[in-house]
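**Q** Contents of coords.txt (compact mmCIF, C-alpha atoms and all ligand atoms) are given next:
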```txt
# COMPACT_ATOMS: atom_id res chain seq x y z
CA MET W 9 -6.31 13.41 10.46
CA ILE W 10 -4.13 11.51 8.01
CA PRO W 11 -3.98 7.90 9.25
CA ARG W 12 -0.67 6.09 9.64
CA LEU W 13 -2.02 3.12 7.72
CA LYS W 14 -4.94 2.65 5.42
CA PRO W 15 -6.37 -0.54 3.99
CA GLN W 16 -7.42 -0.11 0.35
CA LEU W 17 -10.98 -1.23 0.89
CA GLY W 18 -14.00 -0.02 -1.05
CA GLY W 19 -17.04 -0.98 -3.07
CA ARG W 20 -15.48 -4.08 -4.55
CA GLU W 21 -14.62 -5.54 -1.17
CA ILE W 22 -18.05 -4.69 0.26
CA ALA W 23 -19.74 -6.34 -2.72
CA ALA W 24 -17.51 -9.39 -2.28
CA ALA W 25 -18.23 -9.56 1.45
CA LEU W 26 -21.98 -9.38 0.88
CA SER W 27 -22.16 -11.81 -2.02
CA VAL W 28 -23.69 -15.24 -1.54
CA PRO W 29 -21.23 -17.60 0.20
CA ARG W 30 -19.90 -20.49 -1.83
CA ALA W 31 -18.48 -23.67 -0.42
CA ASP W 32 -15.18 -23.06 -2.16
CA ASP W 33 -14.61 -19.40 -1.19
CA VAL W 34 -11.54 -20.27 0.86
CA SER W 35 -9.97 -22.53 -1.76
CA ARG W 36 -10.60 -19.92 -4.46
CA PHE W 37 -8.78 -17.37 -2.33
CA GLU W 38 -5.93 -19.83 -1.83
CA ARG W 39 -5.60 -20.44 -5.56
CA ALA W 40 -5.72 -16.72 -6.41
CA PHE W 41 -3.13 -15.96 -3.70
CA ALA W 42 -0.83 -18.79 -4.83
CA GLU W 43 -0.94 -17.53 -8.38
CA LEU W 44 -0.26 -13.95 -7.28
CA MET W 45 2.80 -15.05 -5.32
CA GLY W 46 4.06 -17.41 -8.02
CA GLN W 47 3.81 -20.41 -5.71
CA PRO W 48 2.06 -23.69 -6.52
CA GLU W 49 0.47 -23.97 -3.07
CA ALA W 50 -1.19 -21.55 -0.65
CA ILE W 51 -2.97 -22.59 2.55
CA ALA W 52 -5.27 -20.12 4.33
CA PHE W 53 -5.33 -19.46 8.08
CA PRO W 54 -7.22 -17.17 10.45
CA TYR W 55 -3.93 -15.38 11.32
CA GLY W 56 -0.39 -15.46 10.00
CA ARG W 57 0.78 -16.69 13.41
CA THR W 58 -1.57 -19.70 13.24
CA GLY W 59 -0.03 -20.49 9.87
CA LEU W 60 3.46 -20.39 11.41
CA ILE W 61 2.47 -22.71 14.26
CA VAL W 62 0.98 -25.26 11.85
CA LEU W 63 3.89 -24.90 9.41
CA LEU W 64 6.44 -25.67 12.14
CA GLU W 65 4.44 -28.74 13.12
CA ALA W 66 4.16 -29.84 9.49
CA LEU W 67 7.96 -29.51 9.16
CA GLY W 68 8.27 -31.88 12.12
CA ILE W 69 9.82 -29.21 14.32
CA ALA W 70 9.22 -29.13 18.07
CA ASN W 71 11.62 -28.60 20.94
CA GLY W 72 14.12 -26.96 18.65
CA GLU W 73 15.74 -23.57 18.39
CA ILE W 74 14.31 -21.26 15.78
CA ILE W 75 16.38 -18.26 14.72
CA CYS W 76 14.35 -15.09 14.19
CA PRO W 77 14.88 -11.32 14.23
CA ALA W 78 14.99 -9.42 17.53
CA TYR W 79 13.29 -6.61 15.67
CA THR W 80 10.11 -7.98 14.15
CA CYS W 81 6.45 -8.39 15.03
CA VAL W 82 6.17 -10.05 18.45
CA VAL W 83 3.54 -12.52 17.21
CA VAL W 84 6.35 -14.41 15.43
CA PRO W 85 8.22 -15.55 18.57
CA HIS W 86 4.83 -16.08 20.24
CA ALA W 87 3.97 -18.62 17.53
CA ILE W 88 7.40 -20.26 17.87
CA VAL W 89 6.89 -20.70 21.63
CA ARG W 90 3.35 -22.03 21.07
CA SER W 91 4.72 -24.59 18.62
CA GLY W 92 6.96 -25.94 21.39
CA SER W 93 10.27 -24.46 20.22
CA GLU W 94 12.46 -21.65 21.49
CA PRO W 95 13.06 -18.41 19.57
CA VAL W 96 16.72 -17.42 19.34
CA PHE W 97 16.93 -13.71 18.61
CA VAL W 98 19.33 -12.06 16.21
CA ASP W 99 20.04 -8.34 15.94
CA SER W 100 19.36 -6.25 12.83
CA ARG W 101 22.05 -5.00 10.48
CA ALA W 102 23.16 -1.47 11.17
CA ASP W 103 22.49 -0.31 7.60
CA GLU W 104 19.02 -1.76 7.09
CA PHE W 105 16.18 -3.16 9.15
CA ASN W 106 16.50 -6.86 8.41
CA MET W 107 18.18 -9.44 10.63
CA ASP W 108 21.97 -9.59 10.25
CA LEU W 109 22.54 -12.90 8.47
CA ASP W 110 26.16 -13.15 9.62
CA LEU W 111 24.92 -13.06 13.21
CA ALA W 112 22.17 -15.51 12.27
CA GLU W 113 24.70 -17.99 10.96
CA ALA W 114 26.83 -17.52 14.07
CA ALA W 115 23.76 -18.31 16.22
CA ILE W 116 23.32 -21.77 14.68
CA THR W 117 23.75 -24.67 17.12
CA PRO W 118 23.11 -28.41 16.76
CA ASN W 119 19.55 -27.71 17.99
CA THR W 120 18.71 -25.11 15.34
CA ARG W 121 15.82 -26.36 13.24
CA ALA W 122 14.70 -23.31 11.28
CA ILE W 123 15.49 -19.71 10.40
CA VAL W 124 12.65 -17.22 10.05
CA ALA W 125 13.96 -14.63 7.58
CA THR W 126 11.79 -11.54 7.60
CA SER W 127 11.70 -8.96 4.82
CA LEU W 128 10.85 -6.20 7.25
CA PHE W 129 8.96 -3.11 6.05
CA GLY W 130 9.02 -4.60 2.54
CA TYR W 131 12.84 -4.71 2.26
CA PRO W 132 13.90 -7.97 0.59
CA VAL W 133 16.17 -10.25 2.61
CA ASP W 134 19.54 -11.05 1.04
CA LEU W 135 18.67 -14.32 -0.71
CA ASP W 136 22.27 -14.96 -1.78
CA ARG W 137 23.53 -14.92 1.79
CA LEU W 138 20.57 -17.04 2.86
CA GLU W 139 21.34 -19.59 0.15
CA GLN W 140 24.93 -19.75 1.37
CA ILE W 141 23.72 -20.57 4.90
CA ARG W 142 21.36 -23.15 3.51
CA SER W 143 24.07 -24.91 1.54
CA ARG W 144 26.22 -25.15 4.69
CA HIS W 145 23.30 -26.25 6.87
CA PRO W 146 20.94 -28.16 4.57
CA LYS W 147 18.86 -29.58 7.44
CA ILE W 148 17.78 -26.17 8.73
CA ALA W 149 14.44 -25.07 7.30
CA ILE W 150 14.20 -21.58 5.83
CA ILE W 151 10.90 -19.82 6.44
CA GLN W 152 10.29 -16.50 4.72
CA ASP W 153 8.20 -14.11 6.78
CA CYS W 154 6.55 -12.07 4.02
CA ALA W 155 3.90 -10.41 6.19
CA HIS W 156 5.35 -7.02 5.28
CA SER W 157 6.92 -7.74 1.94
CA PHE W 158 4.49 -9.85 -0.09
CA GLY W 159 6.17 -9.91 -3.52
CA ALA W 160 9.37 -7.99 -2.66
CA GLU W 161 12.32 -9.03 -4.85
CA TRP W 162 15.99 -9.56 -4.09
CA GLN W 163 17.83 -8.80 -7.33
CA GLY W 164 14.81 -9.81 -9.38
CA LYS W 165 13.96 -12.92 -7.37
CA PRO W 166 10.77 -12.85 -5.28
CA VAL W 167 11.63 -13.51 -1.62
CA GLN W 168 8.63 -15.76 -1.04
CA CYS W 169 9.93 -18.22 -3.63
CA ALA W 170 13.19 -18.93 -1.76
CA GLY W 171 13.17 -21.36 1.15
CA ASP W 172 10.85 -24.10 2.34
CA ALA W 173 7.75 -21.98 2.84
CA ALA W 174 6.60 -18.41 3.31
CA ILE W 175 4.11 -16.93 5.77
CA PHE W 176 1.90 -13.88 5.23
CA GLY W 177 -0.32 -11.80 7.49
CA LEU W 178 -3.50 -10.34 6.04
CA ASN W 179 -4.99 -8.05 8.69
CA VAL W 180 -6.01 -4.49 7.78
CA SER W 181 -2.53 -3.10 8.44
CA LYS W 182 -0.94 -5.26 5.73
CA ILE W 183 -0.38 -4.45 2.04
CA ILE W 184 -3.48 -6.43 1.10
CA THR W 185 -6.03 -7.73 3.56
CA SER W 186 -8.68 -10.36 4.11
CA ILE W 187 -9.96 -8.44 7.20
CA PHE W 188 -7.94 -10.81 9.41
CA GLY W 189 -6.30 -13.90 7.98
CA GLY W 190 -2.96 -15.35 7.02
CA MET W 191 -1.41 -17.59 4.37
CA VAL W 192 1.38 -20.10 4.08
CA THR W 193 2.80 -20.70 0.61
CA THR W 194 5.20 -23.41 -0.50
CA GLU W 195 6.54 -25.11 -3.60
CA SER W 196 6.32 -28.54 -2.02
CA ALA W 197 3.10 -30.42 -2.68
CA ALA W 198 3.98 -32.87 0.11
CA LEU W 199 4.51 -30.11 2.68
CA ALA W 200 1.29 -28.39 1.56
CA ALA W 201 -0.64 -31.63 2.03
CA ARG W 202 0.75 -32.03 5.57
CA ILE W 203 -0.08 -28.42 6.41
CA ARG W 204 -3.66 -28.88 5.18
CA GLU W 205 -4.04 -32.11 7.09
CA ILE W 206 -2.89 -30.57 10.37
CA ARG W 207 -4.92 -27.42 9.77
CA ASP W 208 -8.10 -29.35 9.10
CA GLN W 209 -7.53 -31.48 12.19
CA ARG W 210 -6.64 -28.68 14.59
CA LEU W 211 -8.82 -25.77 13.45
CA SER W 212 -12.54 -25.66 14.03
CA LYS W 213 -15.02 -24.46 11.42
CA PRO W 214 -15.73 -20.76 11.95
CA ALA W 215 -18.89 -20.12 13.94
CA PHE W 216 -21.57 -17.99 12.28
CA VAL W 217 -21.01 -15.27 14.86
CA LYS W 218 -17.37 -14.98 13.79
CA SER W 219 -18.41 -14.27 10.18
CA LEU W 220 -20.84 -11.66 11.43
CA ARG W 221 -18.15 -10.03 13.57
CA ARG W 222 -15.74 -9.93 10.64
CA LEU W 223 -18.38 -8.33 8.44
CA LEU W 224 -19.07 -5.67 11.07
CA TYR W 225 -15.35 -5.08 11.49
CA LEU W 226 -15.08 -4.52 7.72
CA PHE W 227 -17.95 -2.04 7.78
CA ALA W 228 -16.40 -0.18 10.71
CA THR W 229 -12.97 -0.15 9.07
CA ILE W 230 -13.94 1.66 5.89
CA PRO W 231 -15.18 4.93 7.48
CA ALA W 232 -12.58 4.68 10.27
CA PHE W 233 -9.71 5.16 7.82
CA THR W 234 -11.14 8.20 6.06
CA GLU W 235 -9.58 11.46 7.25
CA SER W 236 -12.65 12.65 9.15
CA GLY W 237 -13.27 9.20 10.62
CA TYR W 238 -9.67 8.93 11.67
CA THR W 239 -9.79 12.08 13.78
CA TRP W 240 -12.24 10.19 15.98
CA VAL W 241 -10.33 6.96 15.82
CA ASN W 242 -7.23 8.78 16.99
CA ARG W 243 -9.10 10.30 19.93
CA LEU W 244 -10.56 6.97 20.94
CA GLU W 245 -7.19 5.29 20.50
CA ARG W 246 -5.49 7.80 22.77
CA SER W 247 -8.14 7.39 25.43
CA GLY W 248 -7.56 3.63 25.42
CA LEU W 249 -11.11 2.84 24.33
CA LEU W 250 -9.93 0.97 21.24
CA ASP W 251 -7.43 -1.21 23.06
CA ARG W 252 -9.54 -4.26 22.47
CA PHE W 253 -9.19 -3.78 18.73
CA VAL W 254 -5.76 -2.25 18.26
CA ARG W 255 -3.57 -3.74 21.00
CA TYR W 256 -2.15 -6.91 19.57
CA TYR W 257 0.24 -7.83 22.34
CA ASP W 258 0.70 -7.71 26.08
CA GLU W 259 4.28 -6.95 27.09
CA ASN W 260 4.10 -9.49 29.92
CA CYS W 261 2.75 -12.63 28.35
CA ILE W 262 2.91 -14.89 25.37
CA ASP W 263 -0.67 -15.18 24.25
CA MET W 264 -2.82 -15.81 21.20
CA PRO W 265 -6.17 -14.32 20.13
CA GLY W 266 -9.16 -16.32 21.40
CA ASP W 267 -10.10 -17.46 17.90
CA TYR W 268 -6.66 -18.34 16.54
CA LEU W 269 -7.74 -21.94 16.05
CA GLU W 270 -11.01 -21.05 14.33
CA ALA W 271 -10.58 -21.25 10.55
CA LEU W 272 -10.65 -18.31 8.14
CA THR W 273 -14.26 -17.33 7.36
CA SER W 274 -15.62 -17.28 3.83
CA VAL W 275 -16.42 -13.55 4.17
CA GLU W 276 -12.71 -12.94 4.75
CA ALA W 277 -11.76 -15.21 1.85
CA ARG W 278 -14.01 -13.28 -0.56
CA VAL W 279 -12.58 -9.95 0.56
CA GLY W 280 -9.08 -11.42 0.20
CA SER W 281 -9.81 -12.56 -3.36
CA ALA W 282 -11.02 -9.06 -4.26
CA GLN W 283 -7.79 -7.62 -2.82
CA VAL W 284 -5.64 -10.00 -4.84
CA GLU W 285 -7.10 -8.44 -7.97
CA ARG W 286 -6.00 -4.99 -6.80
CA TYR W 287 -2.54 -6.00 -5.65
CA SER W 288 -0.48 -4.55 -8.51
CA GLU W 289 -2.32 -1.25 -8.38
CA ILE W 290 -1.76 -1.07 -4.58
CA ILE W 291 1.94 -1.87 -4.86
CA SER W 292 2.62 0.63 -7.63
CA SER W 293 0.96 3.42 -5.73
CA ARG W 294 2.98 2.61 -2.57
CA ARG W 295 6.18 2.55 -4.57
CA ALA W 296 5.34 5.89 -6.18
CA VAL W 297 4.73 7.50 -2.76
CA ALA W 298 7.93 5.99 -1.31
CA GLU W 299 10.03 7.16 -4.27
CA TRP W 300 8.58 10.60 -3.87
CA TYR W 301 9.41 10.65 -0.12
CA PHE W 302 13.05 9.84 -0.86
CA ASP W 303 13.39 12.91 -3.07
CA ALA W 304 11.19 15.23 -1.05
CA LEU W 305 12.88 14.46 2.29
CA ASP W 306 16.51 14.04 1.41
CA ASP W 307 17.54 17.42 2.82
CA VAL W 308 15.63 17.45 6.11
CA PRO W 309 18.09 17.66 9.01
CA GLY W 310 17.24 15.46 11.96
CA LEU W 311 15.63 12.83 9.78
CA THR W 312 17.55 9.69 8.75
CA LEU W 313 15.89 8.23 5.67
CA PRO W 314 15.49 4.48 5.24
CA PRO W 315 17.56 2.79 2.52
CA ARG W 316 16.36 3.06 -1.07
CA VAL W 317 16.29 -0.48 -2.37
CA ARG W 318 15.18 -1.81 -5.72
CA GLY W 319 12.61 -4.56 -5.31
CA ALA W 320 11.28 -3.26 -1.96
CA THR W 321 7.50 -3.07 -1.63
CA TYR W 322 7.39 -0.44 1.15
CA SER W 323 4.79 -1.83 3.49
CA HIS W 324 6.06 1.05 5.62
CA PHE W 325 8.24 4.07 5.01
CA VAL W 326 10.36 4.32 8.11
CA PRO W 327 12.77 7.20 8.79
CA LEU W 328 14.61 7.54 12.10
CA VAL W 329 14.41 10.55 14.39
CA GLU W 330 16.14 11.34 17.69
CA ASP W 331 13.25 12.66 19.70
CA ARG W 332 10.38 10.46 18.60
CA ASP W 333 7.77 11.31 21.20
CA ARG W 334 8.06 14.99 20.46
CA VAL W 335 7.87 14.45 16.68
CA LEU W 336 4.81 12.20 16.97
CA GLU W 337 3.02 14.66 19.21
CA ALA W 338 3.86 17.67 17.06
CA MET W 339 2.75 15.84 13.92
CA LEU W 340 -0.60 15.06 15.54
CA HIS W 341 -1.10 18.80 15.94
CA GLU W 342 -0.40 19.11 12.23
CA GLY W 343 -3.13 16.55 11.50
CA VAL W 344 -0.87 13.60 10.69
CA GLN W 345 -0.76 10.46 12.78
CA LEU W 346 2.61 8.77 12.40
CA GLY W 347 3.06 5.36 13.85
CA GLN W 348 6.02 4.23 15.89
CA LEU W 349 7.09 1.10 14.25
CA ILE W 350 8.06 -1.41 15.72
CA GLU W 351 8.32 0.16 19.18
CA TYR W 352 10.00 -2.74 20.96
CA SER W 353 13.02 -4.98 20.72
CA ILE W 354 11.62 -8.40 21.57
CA PRO W 355 14.47 -9.72 23.74
CA SER W 356 13.93 -6.76 26.11
CA MET W 357 10.21 -7.44 26.57
CA ALA W 358 9.17 -8.77 29.94
CA ALA W 359 7.88 -12.01 28.43
CA TYR W 360 11.20 -12.73 26.71
CA VAL W 361 13.95 -11.08 28.71
CA ASN W 362 14.70 -14.19 30.75
CA ARG W 363 14.25 -16.81 28.06
CA CYS W 364 17.35 -18.55 26.77
CA GLY W 365 17.08 -17.00 23.30
CA SER W 366 17.74 -13.53 24.72
CA ARG W 367 19.48 -13.94 28.06
CA GLY W 368 22.95 -12.50 28.39
CA ARG W 369 23.04 -11.14 24.86
CA SER W 370 22.64 -7.61 23.59
CA PHE W 371 20.78 -6.26 20.60
CA PRO W 372 22.02 -2.70 20.15
CA VAL W 373 20.63 -2.10 16.65
CA ALA W 374 17.17 -3.46 17.47
CA ASP W 375 17.13 -1.39 20.68
CA ASP W 376 18.04 1.73 18.75
CA LEU W 377 15.46 1.12 16.00
CA SER W 378 12.75 0.44 18.55
CA ARG W 379 13.30 3.92 20.01
CA ARG W 380 13.75 5.95 16.81
CA THR W 381 11.50 4.73 13.99
CA ILE W 382 8.56 6.73 12.73
CA ASN W 383 6.20 5.55 10.03
CA LEU W 384 5.05 7.87 7.25
CA PRO W 385 1.73 7.21 5.50
CA VAL W 386 2.30 5.34 2.22
CA ALA W 387 -1.24 4.22 1.52
CA ALA W 388 -3.27 7.40 1.89
CA GLY W 389 -2.28 8.77 -1.53
CA MET W 390 0.03 11.44 -2.87
CA GLY W 391 -1.93 14.38 -1.43
CA ALA W 392 -1.51 12.97 2.08
CA ALA W 393 2.18 12.37 1.42
CA GLU W 394 2.67 15.99 0.33
CA ARG W 395 0.96 17.31 3.46
CA THR W 396 3.01 14.94 5.61
CA VAL W 397 6.26 16.26 4.15
CA ALA W 398 5.18 19.87 4.63
CA ALA W 399 4.31 19.12 8.26
CA LEU W 400 7.58 17.23 8.85
CA ARG W 401 9.62 20.15 7.56
CA LYS W 402 7.97 22.33 10.21
CA VAL W 403 8.28 19.84 13.02
CA VAL W 404 11.61 18.01 12.79
C1 LIG Y 1 1.54 -9.12 10.81
C2 LIG Y 1 2.77 -9.92 10.90
C3 LIG Y 1 2.73 -11.32 10.99
C4 LIG Y 1 1.46 -12.12 11.10
O1 LIG Y 1 0.57 -11.54 11.97
P1 LIG Y 1 -0.89 -12.15 12.31
O2 LIG Y 1 -1.50 -11.03 13.08
O3 LIG Y 1 -0.69 -13.37 13.08
O4 LIG Y 1 -1.58 -12.38 11.01
C5 LIG Y 1 3.94 -12.00 10.97
N1 LIG Y 1 5.12 -11.35 10.87
C6 LIG Y 1 5.20 -10.00 10.78
C7 LIG Y 1 6.54 -9.35 10.65
C8 LIG Y 1 4.03 -9.24 10.80
O5 LIG Y 1 4.10 -7.90 10.73
```
Produce structure tokens that represent the structure in this file.
Ligand SMILES: *Cc1c(COP(=O)(O)O)cnc(C)c1O
**A**
Amino acid sequence: MIPRLKPQLGGREIAAALSVPRADDVSRFERAFAELMGQPEAIAFPYGRTGLIVLLEALGIANGEIICPAYTCVVVPHAIVRSGSEPVFVDSRADEFNMDLDLAEAAITPNTRAIVATSLFGYPVDLDRLEQIRSRHPKIAIIQDCAHSFGAEWQGKPVQCAGDAAIFGLNVSKIITSIFGGMVTTESAALAARIREIRDQRLSKPAFVKSLRRLLYLFATIPAFTESGYTWVNRLERSGLLDRFVRYYDENCIDMPGDYLEALTSVEARVGSAQVERYSEIISSRRAVAEWYFDALDDVPGLTLPPRVRGATYSHFVPLVEDRDRVLEAMLHEGVQLGQLIEYSIPSMAAYVNRCGSRGRSFPVADDLSRRTINLPVAAGMGAAERTVAALRKVV
């Protein structure tokens, strides 16, 4: 079974995980990550969402309105609510996946304190439009959510370098991973110092058992994402037995993982450092697969291809189909697991439908995307991509 996602983990990461811990593992990872992203400061967290909570506090934001996409990972509004503010949702543009910045500007009120601009699926946000908003509203913080995009570029400018700070997620579904983990980067030394201060106050040192669990998770992950391993993973996933590991949200409540205030472990930091070294190789291979998909799929009826954008990093390759459930099921029979990505529009979720950031407004593009996106494998290599295309031609 070809997996819908695949962390690029191997001997180097195992060796790093098993090497003797050093007191500065986490700060080494931070420095390597900062350098990779061209930012002077990077601060490590156990999850991207923990980073966002601490960042909002460090920016002095509480009880405000934070503008964010309706179509994004649900952990983002969760973190906003946890920080004491209210997410105000904005629909996506019809011609791409990212939040419509005209609608975002129209959603600004005197209580707006920040805009979370997400470069979804690796598509760079329009930095020129964002800069225009910023010049009209200089007090509103701009936070780049780079959990999908990492170093995506808008007309040659890396998205993470625009704005007050950027957040990254580093779990095994991301472009590079530190097992779990997250980062905040910023150009401001003063902001970085505040973030570190709050982090070190609020987060506890990781317990030994957490490091052990992370190590075991790493060892389970490597065989799980091989093709033979994944046949089993898919069976277990369908039976619900993996819910504890793969379900990251509950439709009905705004919750956080039990250890979200337990700092990043040094095992994770060492794996993250090893991944930083492989970043350019990982990105070029994703781009090659994505470019190939554009050409190989451009004549398949029933499949709407995603936009082809220079500077995108393709964390996901996301065409639209009309009858998603049928396509997903038929592809499973062909030995390819496609994901449905992202399968919800946040303002319609039970936990958000009655909050003031969604109530009485409609999000037609996000609703449509949430029903029609499929996710082709970009990380399992060219052979897997070729088999996926052959199967899609049969199925769609
Ligand atoms: C993964 C992700 C995050 C961060 O997720 P954590 O699980 O908290 O690390 C943030 N935004 C988006 C869009 C994501 O996909």
**Q** Using all atoms listed in the file, which residues have at least one atom no more than 6 Å from ligand LIG 1 (chain Y)? Output them as a PyMOL selection string.
**A** chain W and resi 55-57+80-81+83-84+153+155-156+177-179+189-190
**Q** Stretch 95-102 of chain W, all listed atoms, 8 Å padding on each side: what axis-aligned box centre and edge lengths in Å to one decimal come out, as lines of an AutoDock Vina configuration file?
**A**
```
center_x = 18.1
center_y = -9.9
center_z = 15.0
size_x = 26.1
size_y = 32.9
size_z = 25.1
```
**Q** Would you kindly return, as an NGL selection string, each protein, DNA or RNA residue with an atom no farther than 10 Å from any atom of W:Pro315, considering only C-alpha atoms and excluding same-chain residues fewer than 2 positions away?
**A** :W and (103-105 or 131 or 302 or 312-313 or 317-318 or 320 or 325-327)
**Q** Could you check which of W:Ile203, W:Ile183, W:Ala174, W:Leu111 is closest to W:Val284, using all atoms listed in the file?
**A**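 Using all atoms listed in the file, W:Val284 sits closest to W:Ile183.
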**Q** Quick one: of W:Gly266, W:Gly368, W:Pro385, W:Pro95, who's nearest to W:Ala298, counting all atoms listed in the file?
**A**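 Checking each candidate against W:Ala298, we get W:Pro385 as the closest.
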**Q** One decimal, Å: what's the distance from atom CA of W:Ser219 over to atom CA of W:Gly280, could you say?
**A**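 Distance reported for this atom pair: 14.0 Å.
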**Q** Kindly give the distance, in Å, that separates atom CA of W:Arg252 and atom CA of W:Pro265, rounded to a single decimal.
**A**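 Distance reported for this atom pair: 10.9 Å.
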**Q** Looking at W:Ser366, W:Gln168, W:Gln348, W:Gln47, which one is nearest to W:Gln152, with distances taken over only C-alpha atoms?
**A**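 The shortest atom-to-atom distance to W:Gln152 comes from W:Gln168.
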**Q** So which residues touch W:Asp110 within 12 Å, counting only C-alpha atoms, skipping near sequence neighbours fewer than 3 positions away, as an NGL selection string?
**A** :W and (98-101 or 106-107 or 113-116 or 134 or 137-138 or 140-141)
**Q** Atoms are missing here; could stretch 312-326 of chain W be completed with N, CA, C and O atoms and written as a short mmCIF file (atom, residue, chain, number, x, y, z; two decimals), in the frame of the given file?
**A**
```cif
data_model
loop_
_atom_site.label_atom_id
_atom_site.label_comp_id
_atom_site.auth_asym_id
_atom_site.auth_seq_id
_atom_site.Cartn_x
_atom_site.Cartn_y
_atom_site.Cartn_z
N THR W 312 16.72 10.65 9.48
CA THR W 312 17.55 9.69 8.75
C THR W 312 16.64 8.85 7.88
O THR W 312 15.79 8.12 8.39
N LEU W 313 16.79 8.96 6.57
CA LEU W 313 15.89 8.23 5.67
C LEU W 313 16.22 6.74 5.65
O LEU W 313 17.37 6.34 5.84
N PRO W 314 15.23 5.92 5.39
CA PRO W 314 15.49 4.48 5.24
C PRO W 314 16.24 4.24 3.93
O PRO W 314 16.28 5.12 3.08
N PRO W 315 16.83 3.05 3.76
CA PRO W 315 17.56 2.79 2.52
C PRO W 315 16.61 2.73 1.31
O PRO W 315 15.44 2.36 1.45
N ARG W 316 17.14 3.13 0.17
CA ARG W 316 16.36 3.06 -1.07
C ARG W 316 16.79 1.79 -1.77
O ARG W 316 17.95 1.66 -2.17
N VAL W 317 15.89 0.85 -1.89
CA VAL W 317 16.29 -0.48 -2.37
C VAL W 317 15.37 -0.92 -3.50
O VAL W 317 14.14 -0.91 -3.36
N ARG W 318 15.97 -1.29 -4.61
CA ARG W 318 15.18 -1.81 -5.72
C ARG W 318 14.52 -3.13 -5.31
O ARG W 318 15.15 -3.95 -4.65
N GLY W 319 13.27 -3.31 -5.65
CA GLY W 319 12.61 -4.56 -5.31
C GLY W 319 11.85 -4.50 -3.99
O GLY W 319 11.13 -5.43 -3.64
N ALA W 320 12.02 -3.40 -3.23
CA ALA W 320 11.28 -3.26 -1.96
C ALA W 320 9.82 -2.91 -2.26
O ALA W 320 9.52 -2.26 -3.27
N THR W 321 8.93 -3.37 -1.40
CA THR W 321 7.50 -3.07 -1.63
C THR W 321 6.95 -2.01 -0.67
O THR W 321 5.80 -1.63 -0.77
N TYR W 322 7.78 -1.55 0.28
CA TYR W 322 7.39 -0.44 1.15
C TYR W 322 6.05 -0.65 1.85
O TYR W 322 5.12 0.14 1.69
N SER W 323 5.96 -1.70 2.62
CA SER W 323 4.79 -1.83 3.49
C SER W 323 4.77 -0.65 4.44
O SER W 323 3.72 -0.24 4.91
N HIS W 324 5.95 -0.11 4.74
CA HIS W 324 6.06 1.05 5.62
C HIS W 324 7.21 1.90 5.11
O HIS W 324 8.15 1.37 4.52
N PHE W 325 7.12 3.19 5.34
CA PHE W 325 8.24 4.07 5.01
C PHE W 325 8.75 4.62 6.34
O PHE W 325 8.05 5.38 7.01
N VAL W 326 9.95 4.20 6.72
CA VAL W 326 10.36 4.32 8.11
C VAL W 326 11.66 5.11 8.30
O VAL W 326 12.74 4.53 8.33
#
```
